[in-house]
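Student: What follows is data.tsv; its format and atoms are TSV, C-alpha atoms.
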```tsv
chain	number	residue	atom	x	y	z
A	1438	MET	CA	8.43	20.83	-62.12
A	1439	ASN	CA	9.42	23.80	-64.19
A	1440	TRP	CA	8.94	27.37	-63.04
A	1441	GLN	CA	5.98	28.02	-65.34
A	1442	MET	CA	3.94	25.14	-63.91
A	1443	GLU	CA	4.89	26.17	-60.40
A	1444	ALA	CA	3.88	29.77	-61.05
A	1445	GLU	CA	0.52	28.71	-62.43
A	1446	LYS	CA	-0.18	26.53	-59.40
A	1447	MET	CA	0.87	29.22	-56.96
A	1448	ALA	CA	-1.28	31.77	-58.79
A	1449	GLU	CA	-4.26	29.49	-58.32
A	1450	LYS	CA	-3.54	28.85	-54.64
A	1451	GLN	CA	-2.30	32.21	-53.46
A	1452	GLU	CA	-4.72	34.01	-51.19
A	1453	GLU	CA	-4.68	37.76	-51.25
A	1454	PRO	CA	-5.48	39.14	-47.79
A	1455	SER	CA	-7.69	42.10	-47.03
A	1456	ASN	CA	-6.25	45.55	-47.65
A	1457	THR	CA	-8.71	47.39	-45.47
A	1458	GLN	CA	-5.92	48.25	-43.02
A	1459	ASN	CA	-4.31	50.24	-45.82
A	1460	GLY	CA	-7.51	52.09	-46.64
A	1461	GLU	CA	-8.20	49.93	-49.68
A	1462	PRO	CA	-11.29	47.80	-50.37
A	1463	ASP	CA	-10.96	44.03	-50.22
A	1464	ASN	CA	-11.57	43.72	-53.96
A	1465	ALA	CA	-8.74	46.05	-54.98
A	1466	GLU	CA	-6.44	43.19	-55.93
A	1467	GLU	CA	-6.49	40.82	-58.90
A	1468	GLY	CA	-9.13	38.13	-58.67
A	1469	GLU	CA	-11.86	40.43	-57.41
A	1470	GLY	CA	-14.80	38.68	-55.84
A	1471	LYS	CA	-13.17	35.24	-55.83
A	1472	LYS	CA	-12.72	33.21	-52.68
A	1473	LYS	CA	-9.44	31.36	-52.53
A	1474	LYS	CA	-8.66	28.47	-50.26
A	1475	LYS	CA	-6.21	29.30	-47.50
A	1476	LEU	CA	-3.19	27.03	-47.48
A	1477	LYS	CA	-2.08	25.45	-44.27
A	1478	ARG	CA	1.63	25.09	-43.64
A	1479	GLU	CA	1.52	21.31	-44.06
A	1480	ASP	CA	-0.21	21.69	-47.44
A	1481	LEU	CA	2.62	23.70	-48.97
A	1482	PRO	CA	4.98	22.00	-51.43
A	1483	PRO	CA	8.64	21.43	-50.51
A	1484	PHE	CA	10.91	24.47	-50.51
A	1485	GLU	CA	12.48	25.55	-53.76
A	1486	ILE	CA	13.63	28.70	-55.50
A	1487	VAL	CA	11.47	29.47	-58.53
A	1488	THR	CA	13.27	31.10	-61.44
A	1489	GLY	CA	12.23	32.25	-64.88
A	1490	GLU	CA	12.14	35.14	-67.32
A	1491	ARG	CA	8.72	36.60	-66.50
A	1492	LEU	CA	6.47	36.36	-63.45
A	1493	PRO	CA	2.68	36.05	-63.52
A	1494	ALA	CA	0.83	39.38	-63.52
A	1495	ILE	CA	-1.20	38.41	-60.45
A	1496	PHE	CA	2.00	38.05	-58.42
A	1497	PHE	CA	3.35	41.39	-59.58
A	1498	LYS	CA	0.13	43.26	-58.81
A	1499	PHE	CA	0.00	41.88	-55.28
A	1500	GLN	CA	3.61	41.35	-54.19
A	1501	PHE	CA	5.16	44.50	-55.69
A	1502	ARG	CA	2.43	46.85	-54.50
A	1503	ASN	CA	4.14	49.53	-52.38
A	1504	VAL	CA	1.59	49.63	-49.57
A	1505	GLU	CA	2.60	50.81	-46.10
A	1506	TYR	CA	1.03	47.78	-44.40
A	1507	SER	CA	2.23	44.67	-46.22
A	1508	SER	CA	0.31	41.95	-44.38
A	1509	GLY	CA	0.43	38.68	-46.32
A	1510	ARG	CA	3.26	39.81	-48.58
A	1511	ASN	CA	5.81	37.48	-47.02
A	1512	LYS	CA	7.62	36.32	-50.15
A	1513	THR	CA	10.43	38.02	-52.02
A	1514	PHE	CA	10.25	38.56	-55.76
A	1515	LEU	CA	13.53	39.63	-57.33
A	1516	CYS	CA	13.85	40.72	-60.96
A	1517	TYR	CA	17.42	41.15	-62.14
A	1518	VAL	CA	19.50	42.57	-64.97
A	1519	VAL	CA	23.16	41.47	-65.09
A	1520	GLU	CA	25.51	43.32	-67.42
A	1521	THR	CA	28.84	41.51	-67.71
A	1522	GLN	CA	31.66	43.52	-69.22
A	1523	GLY	CA	34.79	41.83	-70.59
A	1524	LYS	CA	36.14	40.69	-73.94
A	1525	GLU	CA	32.57	39.86	-74.90
A	1526	SER	CA	29.99	41.90	-73.04
A	1527	LYS	CA	26.61	40.29	-72.40
A	1528	THR	CA	23.36	41.01	-70.59
A	1529	SER	CA	21.09	38.51	-68.87
A	1530	ARG	CA	17.81	39.01	-67.06
A	1531	GLY	CA	15.13	37.06	-65.24
A	1532	TYR	CA	13.46	36.72	-61.86
A	1533	LEU	CA	13.54	34.63	-58.70
A	1534	GLU	CA	11.03	34.09	-55.95
A	1535	ASP	CA	11.56	32.30	-52.67
A	1536	GLU	CA	9.09	29.64	-51.56
A	1537	HIS	CA	7.95	29.22	-47.96
A	1538	ALA	CA	11.25	28.77	-46.09
A	1539	ALA	CA	15.07	28.52	-46.16
A	1540	SER	CA	17.15	30.76	-48.46
A	1541	HIS	CA	15.66	34.05	-49.61
A	1542	ALA	CA	15.77	35.21	-53.22
A	1543	GLU	CA	18.69	37.58	-52.60
A	1544	ILE	CA	20.95	34.78	-51.35
A	1545	ALA	CA	19.64	32.45	-54.06
A	1546	PHE	CA	20.78	34.97	-56.66
A	1547	PHE	CA	24.39	34.72	-55.50
A	1548	ASN	CA	24.16	30.95	-55.11
A	1549	THR	CA	22.55	30.15	-58.46
A	1550	ILE	CA	22.54	33.09	-60.90
A	1551	LEU	CA	25.97	34.50	-60.05
A	1552	PRO	CA	27.78	31.85	-57.98
A	1553	LYS	CA	31.22	33.16	-59.00
A	1554	CYS	CA	32.56	36.59	-59.90
A	1555	GLU	CA	35.54	36.33	-62.23
A	1556	SER	CA	38.17	38.95	-61.40
A	1557	SER	CA	38.78	39.67	-65.09
A	1558	LEU	CA	35.17	40.78	-65.60
A	1559	ARG	CA	33.06	43.67	-64.35
A	1560	TYR	CA	29.47	43.13	-63.28
A	1561	ASN	CA	26.80	45.82	-63.21
A	1562	ILE	CA	23.73	44.35	-61.54
A	1563	THR	CA	20.32	45.89	-61.00
A	1564	TRP	CA	17.66	44.26	-58.85
A	1565	TYR	CA	13.98	45.20	-58.75
A	1566	VAL	CA	12.73	43.66	-55.51
A	1567	SER	CA	9.30	43.59	-53.93
A	1568	SER	CA	10.78	44.58	-50.54
A	1569	SER	CA	14.18	45.42	-49.11
A	1570	PRO	CA	16.40	42.59	-47.78
A	1571	CYS	CA	16.16	41.13	-44.30
A	1572	VAL	CA	19.17	41.46	-41.96
A	1573	THR	CA	20.69	38.12	-43.00
A	1574	CYS	CA	20.40	38.89	-46.72
A	1575	ALA	CA	21.69	42.43	-46.22
A	1576	ASP	CA	24.78	41.03	-44.47
A	1577	ARG	CA	25.37	38.58	-47.32
A	1578	ILE	CA	25.06	41.39	-49.86
A	1579	SER	CA	27.56	43.55	-47.94
A	1580	GLU	CA	30.00	40.67	-47.64
A	1581	THR	CA	29.76	39.83	-51.35
A	1582	LEU	CA	30.35	43.44	-52.41
A	1583	ARG	CA	33.38	43.79	-50.15
A	1584	LYS	CA	34.92	40.58	-51.52
A	1585	ASN	CA	34.21	41.45	-55.16
A	1586	LYS	CA	35.28	44.99	-55.99
A	1587	ASN	CA	34.45	44.36	-59.65
A	1588	LEU	CA	30.75	43.99	-58.80
A	1589	ARG	CA	28.36	46.96	-58.76
A	1590	LEU	CA	24.89	46.42	-57.34
A	1591	THR	CA	21.85	48.71	-57.45
A	1592	ILE	CA	18.74	47.54	-55.60
A	1593	MET	CA	15.37	49.10	-56.41
A	1594	VAL	CA	12.81	48.14	-53.77
A	1595	GLY	CA	9.04	48.52	-53.68
A	1596	ARG	CA	8.80	48.60	-49.88
A	1597	LEU	CA	11.10	48.77	-46.86
A	1598	PHE	CA	11.10	45.62	-44.74
A	1599	MET	CA	10.89	46.19	-40.95
A	1600	TRP	CA	12.59	49.54	-41.38
A	1601	GLU	CA	11.79	50.69	-37.83
A	1602	GLU	CA	14.00	47.98	-36.28
A	1603	PRO	CA	17.49	49.27	-35.24
A	1604	GLU	CA	19.13	46.03	-36.42
A	1605	MET	CA	17.53	46.43	-39.84
A	1606	GLN	CA	18.59	50.06	-40.11
A	1607	ALA	CA	22.18	49.10	-39.23
A	1608	ALA	CA	22.15	46.40	-41.92
A	1609	LEU	CA	20.95	48.86	-44.57
A	1610	LYS	CA	23.69	51.31	-43.58
A	1611	LYS	CA	26.24	48.51	-43.85
A	1612	MET	CA	25.03	47.78	-47.39
A	1613	LYS	CA	25.50	51.42	-48.33
A	1614	SER	CA	29.03	51.52	-46.90
A	1615	ALA	CA	29.86	48.36	-48.90
A	1616	GLY	CA	28.93	50.19	-52.11
A	1617	CYS	CA	25.36	49.06	-52.67
A	1618	LYS	CA	23.03	51.65	-54.16
A	1619	LEU	CA	19.65	51.25	-52.49
A	1620	ARG	CA	16.69	53.07	-54.04
A	1621	ILE	CA	12.90	53.10	-53.67
A	1622	MET	CA	11.01	52.21	-56.84
A	1623	LYS	CA	9.29	55.13	-58.52
A	1624	PRO	CA	6.07	54.65	-60.54
A	1625	GLN	CA	8.26	54.57	-63.67
A	1626	ASP	CA	10.27	51.68	-62.18
A	1627	PHE	CA	7.12	49.65	-61.55
A	1628	GLU	CA	6.16	50.28	-65.16
A	1629	TYR	CA	9.60	49.08	-66.31
A	1630	VAL	CA	9.18	45.84	-64.37
A	1631	TRP	CA	5.68	45.40	-65.82
A	1632	GLN	CA	6.97	45.79	-69.35
A	1633	ASN	CA	10.12	43.70	-69.00
A	1634	PHE	CA	9.47	41.05	-66.35
A	1635	VAL	CA	5.72	40.36	-66.25
A	1636	GLU	CA	3.94	37.79	-68.41
A	1637	GLN	CA	1.43	38.99	-70.97
A	1638	GLU	CA	-1.41	36.77	-72.13
A	1639	GLU	CA	-0.36	34.75	-75.15
A	1640	GLY	CA	-1.97	35.96	-78.34
A	1641	GLU	CA	-3.04	39.27	-76.81
A	1642	GLU	CA	-1.56	42.70	-77.18
A	1643	ALA	CA	0.62	43.79	-74.28
A	1644	LYS	CA	-1.48	45.56	-71.66
A	1645	ALA	CA	-0.37	48.96	-70.45
A	1646	PHE	CA	0.73	49.33	-66.84
A	1647	VAL	CA	-2.05	50.76	-64.69
A	1648	PRO	CA	-0.71	52.52	-61.56
A	1649	TRP	CA	-2.59	51.70	-58.39
A	1650	GLU	CA	-4.02	54.29	-56.05
A	1651	ASP	CA	-1.44	56.08	-53.87
A	1652	ILE	CA	1.54	54.67	-55.79
A	1653	GLN	CA	3.24	58.10	-55.88
A	1654	GLU	CA	2.42	58.94	-52.25
A	1655	ASN	CA	3.70	55.57	-51.04
A	1656	PHE	CA	6.91	56.01	-53.04
A	1657	GLN	CA	7.50	59.38	-51.38
A	1658	TYR	CA	6.76	57.90	-47.95
A	1659	TYR	CA	9.35	55.16	-48.31
A	1660	GLU	CA	11.86	57.46	-49.98
A	1661	GLU	CA	11.73	59.77	-46.95
A	1662	LYS	CA	12.15	56.86	-44.53
A	1663	LEU	CA	15.14	55.48	-46.45
A	1664	ALA	CA	16.80	58.91	-46.57
A	1665	GLU	CA	16.41	59.21	-42.79
A	1666	ILE	CA	17.98	55.77	-42.25
A	1667	LEU	CA	20.94	56.26	-44.60
A	1668	GLN	CA	21.79	59.86	-43.70
```
Represent the supplied structure as structure tokens.
Tutor:
Amino acid sequence: MNWQMEAEKMAEKQEEPSNTQNGEPDNAEEGEGKKKKKLKREDLPPFEIVTGERLPAIFFKFQFRNVEYSSGRNKTFLCYVVETQGKESKTSRGYLEDEHAASHAEIAFFNTILPKCESSLRYNITWYVSSSPCVTCADRISETLRKNKNLRLTIMVGRLFMWEEPEMQAALKKMKSAGCKLRIMKPQDFEYVWQNFVEQEEGEEAKAFVPWEDIQENFQYYEEKLAEILQ
């Protein structure tokens, strides 16, 4: 099954939980007023990493939203830009999302998109990720950067994942010491992802990015927390 069919099916099945704990009404998300069937674990399809060039708008609006309480947002969406510099420079882009279990999108990137870093080339990589890496992924990122000095990685994240946990804070600091630039996505970064990585309806004019309520305040909240962790 190709990524487009998978994305369409997941868009139909995905249930968007209540946002009342974040001070938002239940109908704030895409699909207002629609009841969606809740999937049981045994109903989910087998694990796989979904890849493509653009993700469905419904996924972006829900998964990338920089809310403080991220209940239900338990998947990782990773949009990437890889600039390879050598005799012939090239740029590639796309996105990955992890499905249900096993490897997360960050590890899948190194396993599938960039399985090998050639020493004769330089790689400038930028990720736009729905949330910051877990401890395991952060360790893999740190290890990869230390082994490949010709690789530069900047990670723009919508939210911080379990940032209050000491183990998570230590992992983020390790990433910084390995050379990773970790940043919180500003409203302009969300707009960039919308324009460059989100599907637009075929035959329609591209829709402008519409910032959600508190997008600036939530950015500032996470930016302060990250600064405290990395100081």
Student: Need the neighbours of (22.1, 34.0, -50.4): which residues are at most 12 Å away, counting only C-alpha atoms, as a ChimeraX atom specification?
Tutor: /A:1486,1533,1535,1539-1552,1570-1581
Student: Quick one: which stretch 1561-1602 of chain A residues come within 7 Å of stretch 1515-1523 of chain A, and what is the nearest atom pair for each with the distance in Å to one decimal, counting only C-alpha atoms, rows ordered by chain and ascending number, as a tab-separated table?
Tutor:
```
residue	atom	partner	partner_atom	distance
A:Asn1561	CA	A:Glu1520	CA	5.1
A:Ile1562	CA	A:Val1519	CA	4.6
A:Thr1563	CA	A:Val1518	CA	5.2
A:Trp1564	CA	A:Tyr1517	CA	4.5
A:Tyr1565	CA	A:Cys1516	CA	5.0
A:Val1566	CA	A:Leu1515	CA	4.5
A:Ser1567	CA	A:Leu1515	CA	6.7
```
Student: Residues as selected, C-alpha atoms, written as a PDB file, in the frame of the given file, can you do that?
Tutor:
```
ATOM      1  CA  ASN A1561      26.800  45.820 -63.210  1.00  0.00           C
ATOM      2  CA  ILE A1562      23.730  44.350 -61.540  1.00  0.00           C
ATOM      3  CA  THR A1563      20.320  45.890 -61.000  1.00  0.00           C
ATOM      4  CA  TRP A1564      17.660  44.260 -58.850  1.00  0.00           C
ATOM      5  CA  TYR A1565      13.980  45.200 -58.750  1.00  0.00           C
ATOM      6  CA  VAL A1566      12.730  43.660 -55.510  1.00  0.00           C
ATOM      7  CA  SER A1567       9.300  43.590 -53.930  1.00  0.00           C
TER       8      SER A1567
END
```
Student: Can you work out the spacing between atom CA of A:Ala1645 and atom CA of A:Trp1631 in Å, to one decimal?
Tutor: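 Computing the Euclidean distance for atom CA of A:Ala1645 and atom CA of A:Trp1631 yields 8.4 Å.
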Student: Considering all atoms listed in the file, return as an mmCIF file with C-alpha atoms, in the coordinates of the input whatever protein or nucleic-acid residues lie within 8 Å of stretch 1591-1597 of chain A, sequence-local ones (same chain, fewer than 5 positions apart) excluded.
Tutor:
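out32.cif, freshly written:
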```cif
data_model
loop_
_atom_site.group_PDB
_atom_site.id
_atom_site.type_symbol
_atom_site.label_atom_id
_atom_site.label_comp_id
_atom_site.auth_asym_id
_atom_site.auth_seq_id
_atom_site.Cartn_x
_atom_site.Cartn_y
_atom_site.Cartn_z
ATOM 1 C CA PHE A 1501 5.160 44.500 -55.690
ATOM 2 C CA ARG A 1502 2.430 46.850 -54.500
ATOM 3 C CA ASN A 1503 4.140 49.530 -52.380
ATOM 4 C CA VAL A 1504 1.590 49.630 -49.570
ATOM 5 C CA GLU A 1505 2.600 50.810 -46.100
ATOM 6 C CA ILE A 1562 23.730 44.350 -61.540
ATOM 7 C CA THR A 1563 20.320 45.890 -61.000
ATOM 8 C CA TRP A 1564 17.660 44.260 -58.850
ATOM 9 C CA TYR A 1565 13.980 45.200 -58.750
ATOM 10 C CA VAL A 1566 12.730 43.660 -55.510
ATOM 11 C CA SER A 1567 9.300 43.590 -53.930
ATOM 12 C CA SER A 1568 10.780 44.580 -50.540
ATOM 13 C CA SER A 1569 14.180 45.420 -49.110
ATOM 14 C CA CYS A 1617 25.360 49.060 -52.670
ATOM 15 C CA LYS A 1618 23.030 51.650 -54.160
ATOM 16 C CA LEU A 1619 19.650 51.250 -52.490
ATOM 17 C CA ARG A 1620 16.690 53.070 -54.040
ATOM 18 C CA ILE A 1621 12.900 53.100 -53.670
ATOM 19 C CA MET A 1622 11.010 52.210 -56.840
ATOM 20 C CA PHE A 1656 6.910 56.010 -53.040
ATOM 21 C CA TYR A 1659 9.350 55.160 -48.310
ATOM 22 C CA LEU A 1663 15.140 55.480 -46.450
#
```
Student: Just how far from atom CA of A:Lys1613 is atom CA of A:Leu1667, in Å to one decimal?
Tutor: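 About the pair atom CA of A:Leu1667 and atom CA of A:Lys1613: they are 7.6 Å apart.
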Student: If I take atom CA of A:Ser1556 and atom CA of A:Phe1634, how far is one from the other in Å, to one decimal?
Tutor: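 Result for atom CA of A:Ser1556 versus atom CA of A:Phe1634: 29.2 Å, one decimal.
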Student: Which one is closest to A:Trp1600: A:Ala1664, A:Val1635, A:Val1630, A:Ala1615? Count only C-alpha atoms.
Tutor: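 For A:Trp1600, the nearest of the given residues is A:Ala1664.
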Student: Out of A:Lys1498, A:Lys1644, A:Lys1610, A:Lys1553, which residue has the shortest atom-to-atom distance to A:Phe1627 when counting all atoms listed in the file?
Tutor: A:Lys1498
Student: Hey, could you patch up stretch 1620-1633 of chain A with N, CA, C and O atoms and hand it over as a PDB file, in the coordinates of the input?
Tutor:
```pdb
ATOM      1  N   ARG A1620      17.657  52.069 -53.604  1.00  0.00           N
ATOM      2  CA  ARG A1620      16.690  53.070 -54.040  1.00  0.00           C
ATOM      3  C   ARG A1620      15.265  52.536 -53.858  1.00  0.00           C
ATOM      4  O   ARG A1620      15.033  51.329 -53.900  1.00  0.00           O
ATOM      5  N   ILE A1621      14.321  53.459 -53.703  1.00  0.00           N
ATOM      6  CA  ILE A1621      12.900  53.100 -53.670  1.00  0.00           C
ATOM      7  C   ILE A1621      12.356  53.196 -55.090  1.00  0.00           C
ATOM      8  O   ILE A1621      12.652  54.142 -55.827  1.00  0.00           O
ATOM      9  N   MET A1622      11.564  52.218 -55.489  1.00  0.00           N
ATOM     10  CA  MET A1622      11.010  52.210 -56.840  1.00  0.00           C
ATOM     11  C   MET A1622      10.003  53.334 -57.039  1.00  0.00           C
ATOM     12  O   MET A1622       9.069  53.491 -56.257  1.00  0.00           O
ATOM     13  N   LYS A1623      10.226  54.101 -58.113  1.00  0.00           N
ATOM     14  CA  LYS A1623       9.290  55.130 -58.520  1.00  0.00           C
ATOM     15  C   LYS A1623       8.188  54.483 -59.382  1.00  0.00           C
ATOM     16  O   LYS A1623       8.349  53.346 -59.832  1.00  0.00           O
ATOM     17  N   PRO A1624       7.100  55.199 -59.642  1.00  0.00           N
ATOM     18  CA  PRO A1624       6.070  54.650 -60.540  1.00  0.00           C
ATOM     19  C   PRO A1624       6.652  54.204 -61.879  1.00  0.00           C
ATOM     20  O   PRO A1624       6.243  53.178 -62.427  1.00  0.00           O
ATOM     21  N   GLN A1625       7.644  54.936 -62.397  1.00  0.00           N
ATOM     22  CA  GLN A1625       8.260  54.570 -63.670  1.00  0.00           C
ATOM     23  C   GLN A1625       9.018  53.236 -63.562  1.00  0.00           C
ATOM     24  O   GLN A1625       9.108  52.485 -64.533  1.00  0.00           O
ATOM     25  N   ASP A1626       9.554  52.944 -62.376  1.00  0.00           N
ATOM     26  CA  ASP A1626      10.270  51.680 -62.180  1.00  0.00           C
ATOM     27  C   ASP A1626       9.296  50.499 -62.157  1.00  0.00           C
ATOM     28  O   ASP A1626       9.600  49.424 -62.682  1.00  0.00           O
ATOM     29  N   PHE A1627       8.140  50.697 -61.535  1.00  0.00           N
ATOM     30  CA  PHE A1627       7.120  49.650 -61.550  1.00  0.00           C
ATOM     31  C   PHE A1627       6.667  49.379 -62.981  1.00  0.00           C
ATOM     32  O   PHE A1627       6.444  48.225 -63.362  1.00  0.00           O
ATOM     33  N   GLU A1628       6.550  50.441 -63.761  1.00  0.00           N
ATOM     34  CA  GLU A1628       6.160  50.280 -65.160  1.00  0.00           C
ATOM     35  C   GLU A1628       7.227  49.518 -65.937  1.00  0.00           C
ATOM     36  O   GLU A1628       6.924  48.665 -66.772  1.00  0.00           O
ATOM     37  N   TYR A1629       8.497  49.786 -65.642  1.00  0.00           N
ATOM     38  CA  TYR A1629       9.600  49.080 -66.310  1.00  0.00           C
ATOM     39  C   TYR A1629       9.539  47.582 -66.012  1.00  0.00           C
ATOM     40  O   TYR A1629       9.703  46.755 -66.912  1.00  0.00           O
ATOM     41  N   VAL A1630       9.290  47.253 -64.746  1.00  0.00           N
ATOM     42  CA  VAL A1630       9.180  45.840 -64.370  1.00  0.00           C
ATOM     43  C   VAL A1630       7.991  45.202 -65.089  1.00  0.00           C
ATOM     44  O   VAL A1630       8.079  44.081 -65.597  1.00  0.00           O
ATOM     45  N   TRP A1631       6.876  45.900 -65.135  1.00  0.00           N
ATOM     46  CA  TRP A1631       5.680  45.400 -65.820  1.00  0.00           C
ATOM     47  C   TRP A1631       5.978  45.078 -67.281  1.00  0.00           C
ATOM     48  O   TRP A1631       5.581  44.039 -67.801  1.00  0.00           O
ATOM     49  N   GLN A1632       6.688  45.961 -67.937  1.00  0.00           N
ATOM     50  CA  GLN A1632       6.970  45.790 -69.350  1.00  0.00           C
ATOM     51  C   GLN A1632       8.017  44.726 -69.641  1.00  0.00           C
ATOM     52  O   GLN A1632       7.962  44.044 -70.664  1.00  0.00           O
ATOM     53  N   ASN A1633       8.972  44.557 -68.725  1.00  0.00           N
ATOM     54  CA  ASN A1633      10.120  43.700 -69.000  1.00  0.00           C
ATOM     55  C   ASN A1633      10.161  42.385 -68.239  1.00  0.00           C
ATOM     56  O   ASN A1633      10.911  41.478 -68.623  1.00  0.00           O
TER      57      ASN A1633
END
```
